[in-house]
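Listing of start_21.cif; format and content: mmCIF, C-alpha atoms.
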data_start
#
loop_
_atom_site.label_atom_id
_atom_site.label_comp_id
_atom_site.auth_asym_id
_atom_site.auth_seq_id
_atom_site.Cartn_x
_atom_site.Cartn_y
_atom_site.Cartn_z
CA MET A 1 -15.53 -55.46 -9.55
CA LEU A 2 -13.04 -52.61 -9.65
CA LEU A 3 -9.45 -53.82 -10.02
CA ILE A 4 -6.78 -51.13 -9.58
CA ASP A 5 -3.13 -51.72 -10.43
CA ALA A 6 -1.02 -49.69 -7.98
CA GLY A 7 2.36 -50.82 -9.36
CA ARG A 8 5.21 -48.74 -10.70
CA MET A 9 3.78 -47.84 -14.11
CA MET A 10 0.73 -46.34 -12.47
CA ALA A 11 2.99 -44.00 -10.46
CA ALA A 12 4.04 -42.17 -13.62
CA PRO A 13 2.46 -38.78 -14.36
CA ALA A 14 -0.41 -39.01 -16.82
CA SER A 15 -0.37 -35.29 -17.50
CA GLU A 16 2.40 -32.82 -16.74
CA ALA A 17 -0.19 -30.05 -16.77
CA THR A 18 -1.87 -31.42 -13.63
CA GLY A 19 0.97 -33.45 -12.11
CA MET A 20 -1.52 -36.24 -11.38
CA ALA A 21 -0.30 -39.82 -11.63
CA ARG A 22 -2.07 -42.48 -13.66
CA VAL A 23 -3.33 -44.08 -10.46
CA ASP A 24 -5.01 -40.78 -9.45
CA TYR A 25 -7.08 -40.79 -12.63
CA ALA A 26 -7.85 -44.47 -12.08
CA ILE A 27 -9.12 -43.74 -8.57
CA ASN A 28 -11.37 -40.92 -9.78
CA ALA A 29 -12.79 -43.09 -12.56
CA ALA A 30 -13.28 -46.08 -10.25
CA LEU A 31 -15.21 -44.00 -7.71
CA MET A 32 -17.39 -42.49 -10.42
CA LEU A 33 -18.10 -45.93 -11.89
CA ALA A 34 -18.92 -47.30 -8.42
CA HIS A 35 -21.37 -44.45 -7.84
CA VAL A 36 -23.17 -44.99 -11.16
CA ALA A 37 -23.23 -48.80 -10.78
CA ALA A 38 -24.70 -48.50 -7.28
CA HIS A 39 -27.35 -46.10 -8.62
CA MET A 40 -28.19 -48.73 -11.26
CA GLY A 41 -28.72 -51.31 -8.52
CA ASP A 42 -25.54 -53.33 -9.08
CA THR A 43 -23.26 -54.62 -6.36
CA VAL A 44 -19.75 -53.17 -6.42
CA GLY A 45 -16.48 -54.51 -5.04
CA LEU A 46 -12.86 -53.33 -5.02
CA LEU A 47 -9.45 -54.96 -5.25
CA VAL A 48 -6.23 -52.92 -5.21
CA PHE A 49 -2.89 -54.60 -5.83
CA SER A 50 0.77 -53.95 -6.48
CA ASP A 51 3.22 -56.81 -5.87
CA ARG A 52 0.59 -58.05 -3.40
CA VAL A 53 -3.08 -57.50 -2.70
CA LYS A 54 -3.32 -54.22 -0.81
CA THR A 55 -7.07 -53.79 -0.41
CA PHE A 56 -10.14 -55.94 -0.92
CA VAL A 57 -13.72 -54.81 -0.42
CA ALA A 58 -16.20 -57.62 -1.07
CA PRO A 59 -19.04 -56.82 -3.51
CA SER A 60 -22.03 -55.21 -1.83
CA ARG A 61 -24.63 -52.45 -2.21
CA GLY A 62 -25.57 -49.28 -0.38
CA ALA A 63 -24.14 -46.01 0.90
CA ALA A 64 -21.91 -47.76 3.45
CA GLN A 65 -20.16 -49.63 0.62
CA ALA A 66 -19.45 -46.40 -1.25
CA GLU A 67 -18.07 -44.82 1.90
CA ARG A 68 -15.80 -47.76 2.59
CA MET A 69 -14.34 -47.70 -0.92
CA LEU A 70 -13.78 -43.96 -0.66
CA GLU A 71 -11.89 -44.48 2.59
CA GLU A 72 -9.76 -47.25 1.10
CA LEU A 73 -8.84 -45.17 -1.96
CA TYR A 74 -8.45 -41.78 -0.29
CA ALA A 75 -4.72 -42.02 0.40
CA LEU A 76 -3.79 -44.68 -2.17
CA GLN A 77 -0.49 -44.19 -3.95
CA ALA A 78 1.21 -46.39 -6.51
CA GLU A 79 4.38 -48.21 -5.44
CA LEU A 80 7.59 -48.63 -7.42
CA VAL A 81 7.18 -52.40 -7.66
CA GLU A 82 6.09 -54.78 -10.39
CA PRO A 83 2.35 -55.56 -10.33
CA ASP A 84 1.48 -59.19 -9.62
CA PHE A 85 -1.45 -59.89 -11.94
CA ARG A 86 -1.28 -63.60 -11.25
CA GLY A 87 -1.72 -63.12 -7.52
CA ALA A 88 -4.44 -60.50 -7.93
CA ILE A 89 -6.51 -62.56 -10.36
CA SER A 90 -6.15 -65.71 -8.24
CA PHE A 91 -7.30 -63.75 -5.18
CA LEU A 92 -10.24 -62.35 -7.13
CA ARG A 93 -11.32 -65.72 -8.51
CA ALA A 94 -11.47 -67.20 -5.02
CA ARG A 95 -13.69 -64.42 -3.68
CA ALA A 96 -15.87 -63.29 -6.59
CA ARG A 97 -17.53 -66.38 -8.00
CA LYS A 98 -20.65 -64.66 -9.31
CA ARG A 99 -20.35 -63.37 -12.89
CA ALA A 100 -19.26 -59.75 -12.92
CA MET A 101 -17.77 -57.03 -15.06
CA VAL A 102 -14.18 -56.74 -13.87
CA CYS A 103 -12.92 -53.26 -14.70
CA ALA A 104 -9.12 -53.30 -14.44
CA PHE A 105 -7.32 -49.95 -14.33
CA THR A 106 -3.74 -50.46 -15.45
CA ASP A 107 -1.02 -49.28 -17.83
CA LEU A 108 0.27 -51.19 -20.85
CA VAL A 109 3.48 -49.40 -21.84
CA ASP A 110 5.87 -51.95 -20.35
CA PRO A 111 5.94 -55.09 -22.57
CA GLU A 112 6.39 -57.48 -19.62
CA VAL A 113 3.51 -55.97 -17.67
CA SER A 114 1.38 -56.01 -20.83
CA ALA A 115 2.06 -59.72 -21.33
CA GLN A 116 1.00 -60.49 -17.75
CA ALA A 117 -2.12 -58.35 -18.04
CA LEU A 118 -3.07 -60.06 -21.31
CA SER A 119 -2.59 -63.56 -19.91
CA TYR A 120 -4.36 -63.20 -16.59
CA LEU A 121 -7.12 -60.73 -17.46
CA SER A 122 -8.14 -62.72 -20.53
CA SER A 123 -8.28 -65.84 -18.33
CA LEU A 124 -11.26 -64.29 -16.51
CA ARG A 125 -13.42 -65.10 -19.51
CA PRO A 126 -15.98 -66.59 -19.87
CA GLN A 127 -16.87 -66.59 -16.17
CA HIS A 128 -16.45 -62.83 -15.94
CA LEU A 129 -16.49 -59.93 -18.40
CA PRO A 130 -13.08 -58.20 -18.24
CA LEU A 131 -12.76 -54.53 -19.20
CA VAL A 132 -9.33 -52.88 -19.23
CA ALA A 133 -9.24 -49.11 -18.65
CA THR A 134 -6.05 -47.29 -19.61
CA VAL A 135 -4.94 -43.65 -19.61
CA ARG A 136 -3.38 -42.21 -22.73
CA ASP A 137 -0.21 -40.16 -22.19
CA ALA A 138 -0.91 -36.78 -23.80
CA GLU A 139 2.76 -35.74 -23.80
CA VAL A 140 3.92 -38.94 -25.53
CA GLN A 141 1.17 -38.54 -28.12
CA ALA A 142 2.22 -34.93 -28.75
CA LEU A 143 5.86 -35.98 -29.23
CA ALA A 144 4.86 -38.69 -31.67
CA ASP A 145 2.70 -36.26 -33.67
CA ALA A 146 5.17 -33.35 -33.70
CA GLY A 147 7.39 -32.55 -36.67
CA PRO A 148 11.08 -32.88 -35.61
CA SER A 149 13.14 -29.69 -35.81
CA ALA A 150 16.44 -31.11 -34.53
CA ALA A 151 18.23 -34.42 -34.11
CA THR A 152 17.21 -34.66 -30.45
CA ASP A 153 13.59 -33.99 -31.42
CA ALA A 154 13.76 -36.76 -34.02
CA TYR A 155 15.09 -39.17 -31.39
CA GLU A 156 12.33 -38.24 -28.92
CA LYS A 157 9.72 -38.59 -31.67
CA ALA A 158 11.02 -42.06 -32.56
CA ILE A 159 10.92 -43.20 -28.92
CA ALA A 160 7.40 -41.79 -28.49
CA SER A 161 6.19 -43.50 -31.66
CA ARG A 162 7.69 -46.81 -30.54
CA THR A 163 6.02 -46.50 -27.12
CA LEU A 164 2.63 -45.81 -28.70
CA GLY A 165 3.12 -48.69 -31.11
CA GLN A 166 3.84 -51.15 -28.30
CA ARG A 167 0.79 -49.88 -26.45
CA GLU A 168 -1.48 -50.31 -29.46
CA ILE A 169 -0.22 -53.84 -29.97
CA ALA A 170 -1.02 -54.65 -26.34
CA LEU A 171 -4.55 -53.22 -26.66
CA ALA A 172 -5.13 -55.12 -29.90
CA ARG A 173 -4.04 -58.38 -28.25
CA LEU A 174 -6.46 -57.81 -25.38
CA ARG A 175 -9.32 -57.22 -27.82
CA SER A 176 -8.39 -60.36 -29.77
CA ARG A 177 -8.78 -62.38 -26.54
CA GLY A 178 -12.26 -61.00 -25.93
CA VAL A 179 -11.22 -58.39 -23.36
CA LEU A 180 -13.05 -55.07 -23.67
CA VAL A 181 -10.84 -51.97 -23.79
CA CYS A 182 -11.50 -48.41 -22.68
CA ASP A 183 -8.57 -46.19 -23.66
CA ALA A 184 -9.01 -42.48 -22.94
CA ALA A 185 -7.19 -39.22 -22.32
CA PRO A 186 -6.63 -38.52 -18.61
CA GLY A 187 -9.46 -36.01 -18.23
CA ASP A 188 -11.87 -38.22 -20.18
CA LEU A 189 -11.28 -41.52 -18.38
CA SER A 190 -14.15 -41.28 -15.86
CA ALA A 191 -16.77 -40.47 -18.50
CA ALA A 192 -15.39 -43.08 -20.91
CA VAL A 193 -15.51 -45.87 -18.32
CA VAL A 194 -19.03 -44.97 -17.20
CA ASN A 195 -20.26 -44.82 -20.81
CA ARG A 196 -18.75 -48.23 -21.54
CA TYR A 197 -20.44 -49.69 -18.44
CA LEU A 198 -23.81 -48.24 -19.50
CA SER A 199 -23.31 -49.66 -22.99
CA ILE A 200 -22.60 -53.11 -21.52
CA LYS A 201 -25.79 -52.86 -19.46
CA ARG A 202 -27.87 -51.84 -22.49
CA ARG A 203 -26.49 -54.73 -24.55
CA GLY A 204 -27.18 -57.24 -21.79
CA LEU A 205 -23.62 -58.57 -21.73
CA LEU A 206 -23.68 -59.27 -17.98
#

Could you express the structure from this file as structure tokens?
Amino acid sequence: MLLIDAGRMMAAPASEATGMARVDYAINAALMLAHVAAHMGDTVGLLVFSDRVKTFVAPSRGAAQAERMLEELYALQAELVEPDFRGAISFLRARARKRAMVCAFTDLVDPEVSAQALSYLSSLRPQHLPLVATVRDAEVQALADAGPSAATDAYEKAIASRTLGQREIALARLRSRGVLVCDAAPGDLSAAVVNRYLSIKRRGLL
């Protein structure tokens, strides 16, 4: 199951070089993962949510399924609203009873959103195998790593370091609850998610 957060944090640019939002990278990675999973013989489903469920494609196989998901994601844009993880997970539980890997594409910078994601995604275990896929912000990382040359630079570096610290805490909490994590640079997200899926298959975790 592909679970895509289309709330406000996913509307933020993941890379100023490309101008693509986090949700754009999530869509590309989700479609690539769906293609590989279908080739491996697995059923694939899709749930997109913001403050409500926006799209649901029940798990299935075949070329028609891939086409439908492509159509649903083609014009998807994130909305400037808070994501409702509780509603999304409740909706998913009611419609996906068979054990599945649930790959959730989201962002964990905002502490409140992170707390919701931790609570509701970890609650999927042990029935399902939750995997959280997040996009690293290259610009924030560069600010945190840079040597400050002025007072304003020092302030920006401190903010960037705090943001990264909060994010790492959120990822660590997910892992401690048994949630798998795939954290990658924007351009590496698709490959990273596919490789994690293949690793899960090899290890027989599903």

Selected by the PyMOL selection byres ((chain A and resi 60-68) around 10) in the shown coordinates: which residues, as an mmCIF file with C-alpha atoms, keeping the file's coordinate frame?
data_model
loop_
_atom_site.group_PDB
_atom_site.id
_atom_site.type_symbol
_atom_site.label_atom_id
_atom_site.label_comp_id
_atom_site.auth_asym_id
_atom_site.auth_seq_id
_atom_site.Cartn_x
_atom_site.Cartn_y
_atom_site.Cartn_z
ATOM 1 C CA LEU A 31 -15.210 -44.000 -7.710
ATOM 2 C CA ALA A 34 -18.920 -47.300 -8.420
ATOM 3 C CA HIS A 35 -21.370 -44.450 -7.840
ATOM 4 C CA ALA A 37 -23.230 -48.800 -10.780
ATOM 5 C CA ALA A 38 -24.700 -48.500 -7.280
ATOM 6 C CA HIS A 39 -27.350 -46.100 -8.620
ATOM 7 C CA GLY A 41 -28.720 -51.310 -8.520
ATOM 8 C CA ASP A 42 -25.540 -53.330 -9.080
ATOM 9 C CA THR A 43 -23.260 -54.620 -6.360
ATOM 10 C CA VAL A 44 -19.750 -53.170 -6.420
ATOM 11 C CA GLY A 45 -16.480 -54.510 -5.040
ATOM 12 C CA LEU A 46 -12.860 -53.330 -5.020
ATOM 13 C CA VAL A 57 -13.720 -54.810 -0.420
ATOM 14 C CA ALA A 58 -16.200 -57.620 -1.070
ATOM 15 C CA PRO A 59 -19.040 -56.820 -3.510
ATOM 16 C CA MET A 69 -14.340 -47.700 -0.920
ATOM 17 C CA LEU A 70 -13.780 -43.960 -0.660
ATOM 18 C CA GLU A 71 -11.890 -44.480 2.590
ATOM 19 C CA GLU A 72 -9.760 -47.250 1.100
ATOM 20 C CA LEU A 73 -8.840 -45.170 -1.960
ATOM 21 C CA TYR A 74 -8.450 -41.780 -0.290
#

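Take atom CA of Val135 of chain A and atom CA of Ala184 of chain A: the distance between them is 5.4 Å.
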
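Comparing the minimum interatomic distances between Leu180 of chain A and each of A:Pro130, A:Gly7, A:Gly19, A:Gly87, counting all atoms listed in the file, we find that A:Pro130 sits nearest.
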
Which residue of A:Leu174, A:Tyr120, A:Met40, A:Met32 approaches Ile89 of chain A most closely, using only C-alpha atoms: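 Nearest to Ile89 of chain A: A:Tyr120.
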
Identify the residues within 12 Å of coordinate (-23.3, -59.9, -19.8) (same frame as the file), considering all atoms listed in the file, and give the answer as a PyMOL selection string. chain A and resi 98-102+125-131+180+197-206
